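This report refers to the structure that appears directly beneath it.
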Amino acid sequence: MVEPTAIEAQIAARGYTYSELMVAAAAREIADGELVFVGMRLPILAFLVAKQTHAPNAVGLYENGLIRETPSPQLLYTMGDPPNLRGATQAGQMLDVMALLQQGRVHVGFLGAAEVDRFGNLNSTWGGRHGETHRLPGSGGACDIASLAKRTVVLLAHEKSRLVERVAYITSPGFGRGNSWRTAQGLPGHTGPSALITTLGVLRYGTDGEAFLASTHPGIAVEDVLANTGWSLRVADDLMETQAPSEPELAAMRSLDPNHFWTK
Amino acid sequence: MAATSKLLTMREAISQHVPSGSMVLLGAQLEQMIPFAAGHELIRLGRRDLTLVGPISDILFDQMIGAGCVSKLMAAWVGNVSAGVGYCFRRAMEQNIPRRIEMTDYSNFTMALALHSGALGIPFLPTYSTLGSDLLRKNGNLREFISPVNEDKLVAVRALRPDVAILQVQRADEFGNAHIWGSLGVAVDGARAARKVIIVAEEIVSPELIASDPNRTLVPGFLVAAVVHEPGGAHPSPVQGYYGRDHEFFSEYHTQSRKLEDLERWLENWVVRVPDHRAYLDLLGASRFDALAVRHNAYSAPADFGY
C-alpha cells in the first residue's frame with residue numbers, strides 16, 4: 001500500500017497521481033455511445049469517468065451478464081457487488097454479453113495482465129518474476145475480450161519485467177508475431193490491441209502490429225520509458241505528452257474513489 | 001402422485017450426493033452467491049479427488065485446494081477477486097502442496113460454452129474465441145476445426161457434464177423449484193448440464209410463491225436432487241437482496257493463507273472445527289453479519305401474469 005502522504009505528495013507536486021492520469025487516458029479511449037467491456041479496478045473508474053464527462057451514452061458490459069448504462073451508486077470491489085446490479089439495464093447470463101462480443105458489437109474492452117509483449121500479447125497465466133515462475137490466476141474473460149473486441153486497451157505498471165520481448169504464455173492474443181498473424185489464426189477482422197496505458201506513457205500499435213511509444217506522461221523522459229521496456233521500443237515521430245487529467249475528469253474519479261483505493 | 005420434499009441438511013445433501021471423485025460445479029454466479037457453506041461441508045467430510053468446475057470461484061476453490069480435496073480444476077480464473085492471487089492454488093501448481101493438481105485453463109466464454117453445450121446435450125459448440133492463444137494449445141477440450149459451412153477456423157469447445165452443480169439461490173420451494181436474481185453468470189446452463197443439482201437456499205418458500213413469478217424460476221425442481229435451507233450460506237460472497245460482500249473477509253483470508261501454517265490454522269478455525277454453517281456464522285459474530293444486511297430495499301415492480 002502507498003501511504004496517503006505519498007498520494008498527497010503526488011497531488012501537491014502536479015495536481016494528480018499517475019493512477020489518475022492513467023484513468024483519464026483510459027476514459028478517453030471510450031467514445032460516446034460505444035459498448036464497453038468494463039473489467040474491474042482502474043478500468044471501471046475509467047468507464048465511469050467517461051460516462052460523466054465526454055461519453056454519457058456509453059454502455060457497460062460485465063462478464064457476469066450485466067449491462068449497465070448508469071454508474072453504480074457505490075464504489076465496487078467486484079463486478080458482482082450488489083450495488084452494481086441495482087438499476088442495471090439488464091441482468092442476463094454470461095452468454096448474453098459474450099454473444100454481443102462475438103458478434104463484433106463491442107467497441108472496446110479493458111484488460112490488465114502480468115506481462116505484455118512487443119506485439120501486445122498478454123500473459124496472465126504463468127509469470128516470471130525475479131527468476132522464479134509463478135502461477136497466476138489465469139484468463140477470466142481476458143482471452144475472449146482480446147480475441148473478439150474491436151479494440152482492447154490494457155493498463156499496466158511500466159516495468160522491464162512486465163513489458164517483455166515475448167510473453168512466456170499467450171493468455172490473450174494481441175498481434176501475435178505481427179502483420180497478418182491475427183487473420184492467419186482465424187480471429188475476426190478489425191479486432192485487436194489499440195492502446196497500452198502504463199505508468200510512464202501510452203503505447204499504440206503500427207499497421208505491422210508492433211507497439212510504438214505514442215506519448216509520455218508529463219515529467220517522464222523518453223529514456224525512462226525505453227530503459228524500462230524489455231525490447232527496443234519504437235518512438236513515434238510525432239511523440240506527444242499525455243494530456244493531464246482535466247478538472248471534470250478528476251472531480252468524477254475522486255467522487256467515485258474519494259480515498260484513492262484504486263487511484264493510489 | 002404427491003411430490004416428495006427434497007429438503008435435507010447440508011451434511012445429508014453432501015453425504016448422499018457428492019462422493020469423492022465427483023466433478024462439481026461451484027461458483028456459477030461468479031462473484032455472487034458462491035456456495036461457501038457447501039464447499040466447507042465437502043472439506044469437513046474429507047472429500048478427495050474432486051474435479052472442480054467453474055468460471056471463477058473466488059476464494060472457495062483456493063480453500064478446497066488448500067484442504068486437499070481437489071485433484072483437477074477446470075476454470076477460467078482461480079484467485080481472490082478483490083485481493084489478488086490465491087496462495088493455495090499457487091502452492092499446488094508450483095510445489096504440489098498439499099498435492100499435485102491438474103489444471104485445465106478455460107476462458108469465461110469457453111467455460112460458458114462448455115456448459116451450454118452440456119445443457120443442450122450436444123458434444124461441442126463452436127467459437128472464434130481463444131484462436132491464437134495458449135489456452136487453445138494447452139486445453140485438450142478446445143480443438144481447432146474448419147467450419148463446414150463457410151471454411152472459417154473455429155474452436156470446438158467440448159461439452160462438460162458435471163456430476164453435481166451446487167447453486168446458492170435466494171429462494172426455493174421444498175421440491176427444488178428455485179428463484180435466482182442478480183448476477184446469473186452460467187447458473188442456468190450449469191443446472192441443465194449437471195447430472196444432479198443441489199440447491200442451497202436463503203429461504204424456503206411455498207410452491208405458490210415460486211409459481212407466481214415463473215420467469216424468475218431459473219431451475220425447475222425436477223432437475224434438483226436436494227434442497228438445503230442455509231441462510232447466510234454464501235458468506236463472504238453476496239446474495240442480492242439478502243446480504244452484501246464481506247470484502248474484509250477476503251483480504252483477511254489473503255493475509256492468512258499466504259503461509260502454509262497460517263492457512264492450516266485458518267482452515268482449522270473456520271471449517272474443520274466448526275460443526276456446521278450456523279456455528280460458522282456464530283464464530284463470525286452476529287454484529288459482523290448484520291453489518292452486511294441490506295440497508296436500502298429496492299423491490300422490483302410486480303409483473304402481472306393475469307389473463
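Quick note on naming: the chains in the C-alpha cells go A, B, ... in the order shown, residues restart at 1 in each chain, and ligands are numbered from 1 in order of appearance.
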
Exercise answer, chain B residues close to chain A, 7 Å and only C-alpha atoms, as a VMD selection string: chain B and resid 29 to 32 76 to 79 81 to 82 85 90 93 to 94 107 to 109 112 128 to 135 152 to 153 182 to 186 238 240 244 to 245

Store the residues picked out above in a file with N, CA and C atoms, as a CSV table (one decimal), in the first residue's frame.
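Output saved as selection-v1.csv:
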```
chain,number,residue,atom,x,y,z
B,29,GLN,N,-22.4,-18.3,-10.4
B,29,GLN,CA,-22.9,-16.9,-10.5
B,29,GLN,C,-21.8,-15.9,-10.3
B,30,LEU,N,-20.5,-16.4,-10.6
B,30,LEU,CA,-19.3,-15.6,-10.5
B,30,LEU,C,-19.1,-15.0,-9.0
B,31,GLU,N,-19.0,-13.7,-8.9
B,31,GLU,CA,-18.7,-13.2,-7.6
B,31,GLU,C,-19.8,-13.2,-6.6
B,32,GLN,N,-21.0,-13.5,-7.1
B,32,GLN,CA,-22.2,-13.5,-6.2
B,32,GLN,C,-22.6,-15.0,-5.9
B,76,ALA,N,-11.6,-20.7,-15.5
B,76,ALA,CA,-11.1,-19.6,-16.2
B,76,ALA,C,-10.1,-18.7,-15.4
B,77,TRP,N,-10.4,-18.8,-14.1
B,77,TRP,CA,-9.7,-17.9,-13.2
B,77,TRP,C,-9.7,-18.4,-11.8
B,78,VAL,N,-8.6,-18.5,-11.1
B,78,VAL,CA,-8.5,-19.0,-9.7
B,78,VAL,C,-7.7,-18.1,-8.9
B,79,GLY,N,-8.3,-17.4,-7.9
B,79,GLY,CA,-7.6,-16.5,-7.1
B,79,GLY,C,-8.6,-15.8,-6.1
B,81,VAL,N,-10.7,-12.4,-5.8
B,81,VAL,CA,-11.0,-11.3,-6.8
B,81,VAL,C,-10.6,-10.0,-6.3
B,82,SER,N,-10.9,-9.6,-5.0
B,82,SER,CA,-10.6,-8.3,-4.6
B,82,SER,C,-9.2,-8.2,-4.0
B,85,VAL,N,-3.9,-12.8,-5.8
B,85,VAL,CA,-3.6,-14.3,-6.1
B,85,VAL,C,-4.3,-15.2,-5.0
B,90,ARG,N,-1.6,-21.4,-6.0
B,90,ARG,CA,-0.2,-21.2,-6.4
B,90,ARG,C,0.7,-22.3,-5.8
B,93,MET,N,0.1,-25.6,-7.7
B,93,MET,CA,0.6,-25.6,-9.1
B,93,MET,C,2.1,-25.5,-9.1
B,94,GLU,N,2.7,-24.8,-8.1
B,94,GLU,CA,4.2,-24.6,-8.2
B,94,GLU,C,5.0,-25.7,-7.4
B,107,SER,N,-11.3,-19.9,-20.8
B,107,SER,CA,-11.7,-18.5,-20.7
B,107,SER,C,-13.1,-18.6,-20.1
B,108,ASN,N,-13.6,-17.4,-19.7
B,108,ASN,CA,-15.0,-17.4,-19.2
B,108,ASN,C,-16.0,-17.9,-20.3
B,109,PHE,N,-15.8,-17.4,-21.5
B,109,PHE,CA,-16.7,-17.7,-22.6
B,109,PHE,C,-16.7,-19.2,-22.9
B,112,ALA,N,-18.5,-21.1,-20.4
B,112,ALA,CA,-19.9,-20.9,-20.6
B,112,ALA,C,-20.4,-21.8,-21.7
B,128,TYR,N,-15.1,-18.4,-32.0
B,128,TYR,CA,-13.8,-17.8,-32.5
B,128,TYR,C,-12.9,-17.5,-31.4
B,129,SER,N,-13.4,-17.5,-30.2
B,129,SER,CA,-12.6,-17.1,-29.0
B,129,SER,C,-11.5,-18.1,-28.8
B,130,THR,N,-10.4,-17.6,-28.3
B,130,THR,CA,-9.1,-18.4,-27.9
B,130,THR,C,-8.3,-18.8,-29.2
B,131,LEU,N,-8.7,-18.5,-30.4
B,131,LEU,CA,-7.8,-18.8,-31.5
B,131,LEU,C,-6.5,-18.0,-31.4
B,132,GLY,N,-5.4,-18.6,-31.6
B,132,GLY,CA,-4.1,-18.0,-31.4
B,132,GLY,C,-3.6,-18.0,-30.0
B,133,SER,N,-4.3,-18.4,-29.0
B,133,SER,CA,-3.9,-18.3,-27.6
B,133,SER,C,-3.3,-19.7,-27.2
B,134,ASP,N,-2.6,-19.6,-26.1
B,134,ASP,CA,-2.0,-20.8,-25.5
B,134,ASP,C,-3.1,-21.6,-24.7
B,135,LEU,N,-4.2,-21.0,-24.4
B,135,LEU,CA,-5.3,-21.8,-23.8
B,135,LEU,C,-5.7,-22.8,-24.8
B,152,ASP,N,-14.4,-21.0,-42.2
B,152,ASP,CA,-13.7,-20.3,-41.1
B,152,ASP,C,-13.0,-21.2,-40.2
B,153,LYS,N,-11.9,-20.7,-39.6
B,153,LYS,CA,-11.3,-21.5,-38.5
B,153,LYS,C,-12.2,-21.3,-37.2
B,182,GLY,N,-30.2,-11.3,-9.8
B,182,GLY,CA,-28.9,-10.7,-9.6
B,182,GLY,C,-27.9,-11.2,-10.6
B,183,SER,N,-26.7,-11.5,-10.2
B,183,SER,CA,-25.7,-12.0,-11.1
B,183,SER,C,-25.9,-13.4,-11.5
B,184,LEU,N,-26.3,-13.7,-12.7
B,184,LEU,CA,-26.6,-15.1,-13.1
B,184,LEU,C,-25.5,-15.9,-13.6
B,185,GLY,N,-24.5,-15.2,-14.3
B,185,GLY,CA,-23.4,-16.0,-14.8
B,185,GLY,C,-23.7,-17.2,-15.7
B,186,VAL,N,-23.3,-18.4,-15.2
B,186,VAL,CA,-23.6,-19.6,-16.0
B,186,VAL,C,-24.5,-20.5,-15.2
B,238,PRO,N,-21.7,-12.2,-1.8
B,238,PRO,CA,-23.0,-11.6,-1.6
B,238,PRO,C,-24.2,-12.3,-2.2
B,240,GLN,N,-27.8,-11.1,-3.6
B,240,GLN,CA,-28.6,-9.9,-4.0
B,240,GLN,C,-29.9,-9.8,-3.1
B,244,GLY,N,-24.6,-8.2,1.7
B,244,GLY,CA,-23.5,-7.7,0.8
B,244,GLY,C,-22.3,-8.6,0.9
B,245,ARG,N,-21.3,-8.2,0.2
B,245,ARG,CA,-20.0,-8.9,0.1
B,245,ARG,C,-19.1,-8.4,1.3
```

Shell of 8 Å around B:Val157, only C-alpha atoms, local chain residues under 6 positions omitted, as JSON, numbers by chain: {"B": [110, 113, 114, 124, 125, 126, 127, 141, 142, 143]}

Atomic separation - atom CA of B:Thr51 relative to atom CA of B:Pro35, Å: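 The value is 15.9 Å.
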
Filtered DSSP result for stretch 222-291 of chain B, state strand (DSSP E or B), as an NGL selection string: :B and (224-229 or 239 or 243)

Closest of B:Ala191, B:Leu209, B:Leu292, B:Cys88 to B:Val70 - atom-to-atom distances counting only C-alpha atoms: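 Going through B:Ala191, B:Leu209, B:Leu292, B:Cys88 one by one, the smallest distance to B:Val70 is for B:Cys88.
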
Select from stretch 246-301 of chain B every residue with an atom at most 9 Å from any atom of stretch 213-235 of chain B, then for each give the shortest pair of atoms and their distance in Å to one decimal, using only C-alpha atoms, rows by chain and rising number, as a tab-separated table.
```
residue	atom	partner	partner_atom	distance
B:Asp246	CA	B:His235	CA	7.2
B:His277	CA	B:Gly233	CA	7.0
B:Arg278	CA	B:Glu230	CA	8.3
B:Leu281	CA	B:Gly232	CA	7.6
B:Phe289	CA	B:Gly232	CA	8.5
```

Residues near stretch 251-263 of chain A, anyone? I mean within 7 Å using only C-alpha atoms, not counting same-chain ones fewer than 6 positions away, as a PDB file with C-alpha atoms, in the first residue's frame.
```pdb
ATOM      1  CA  SER A  19      -3.009   6.367 -11.496  1.00  0.00           C
ATOM      2  CA  GLU A  20      -5.420   9.251 -12.020  1.00  0.00           C
ATOM      3  CA  ARG A  41     -10.203  -1.760 -10.787  1.00  0.00           C
ATOM      4  CA  LEU A  42      -8.864   1.209 -12.795  1.00  0.00           C
ATOM      5  CA  LEU A  45     -13.270   4.051 -12.855  1.00  0.00           C
ATOM      6  CA  VAL A  49     -15.294   8.970 -15.702  1.00  0.00           C
ATOM      7  CA  GLN A  52     -19.681  11.530 -16.519  1.00  0.00           C
ATOM      8  CA  LEU A  75     -17.579   2.051  -5.121  1.00  0.00           C
TER       9      LEU A  75
END
```
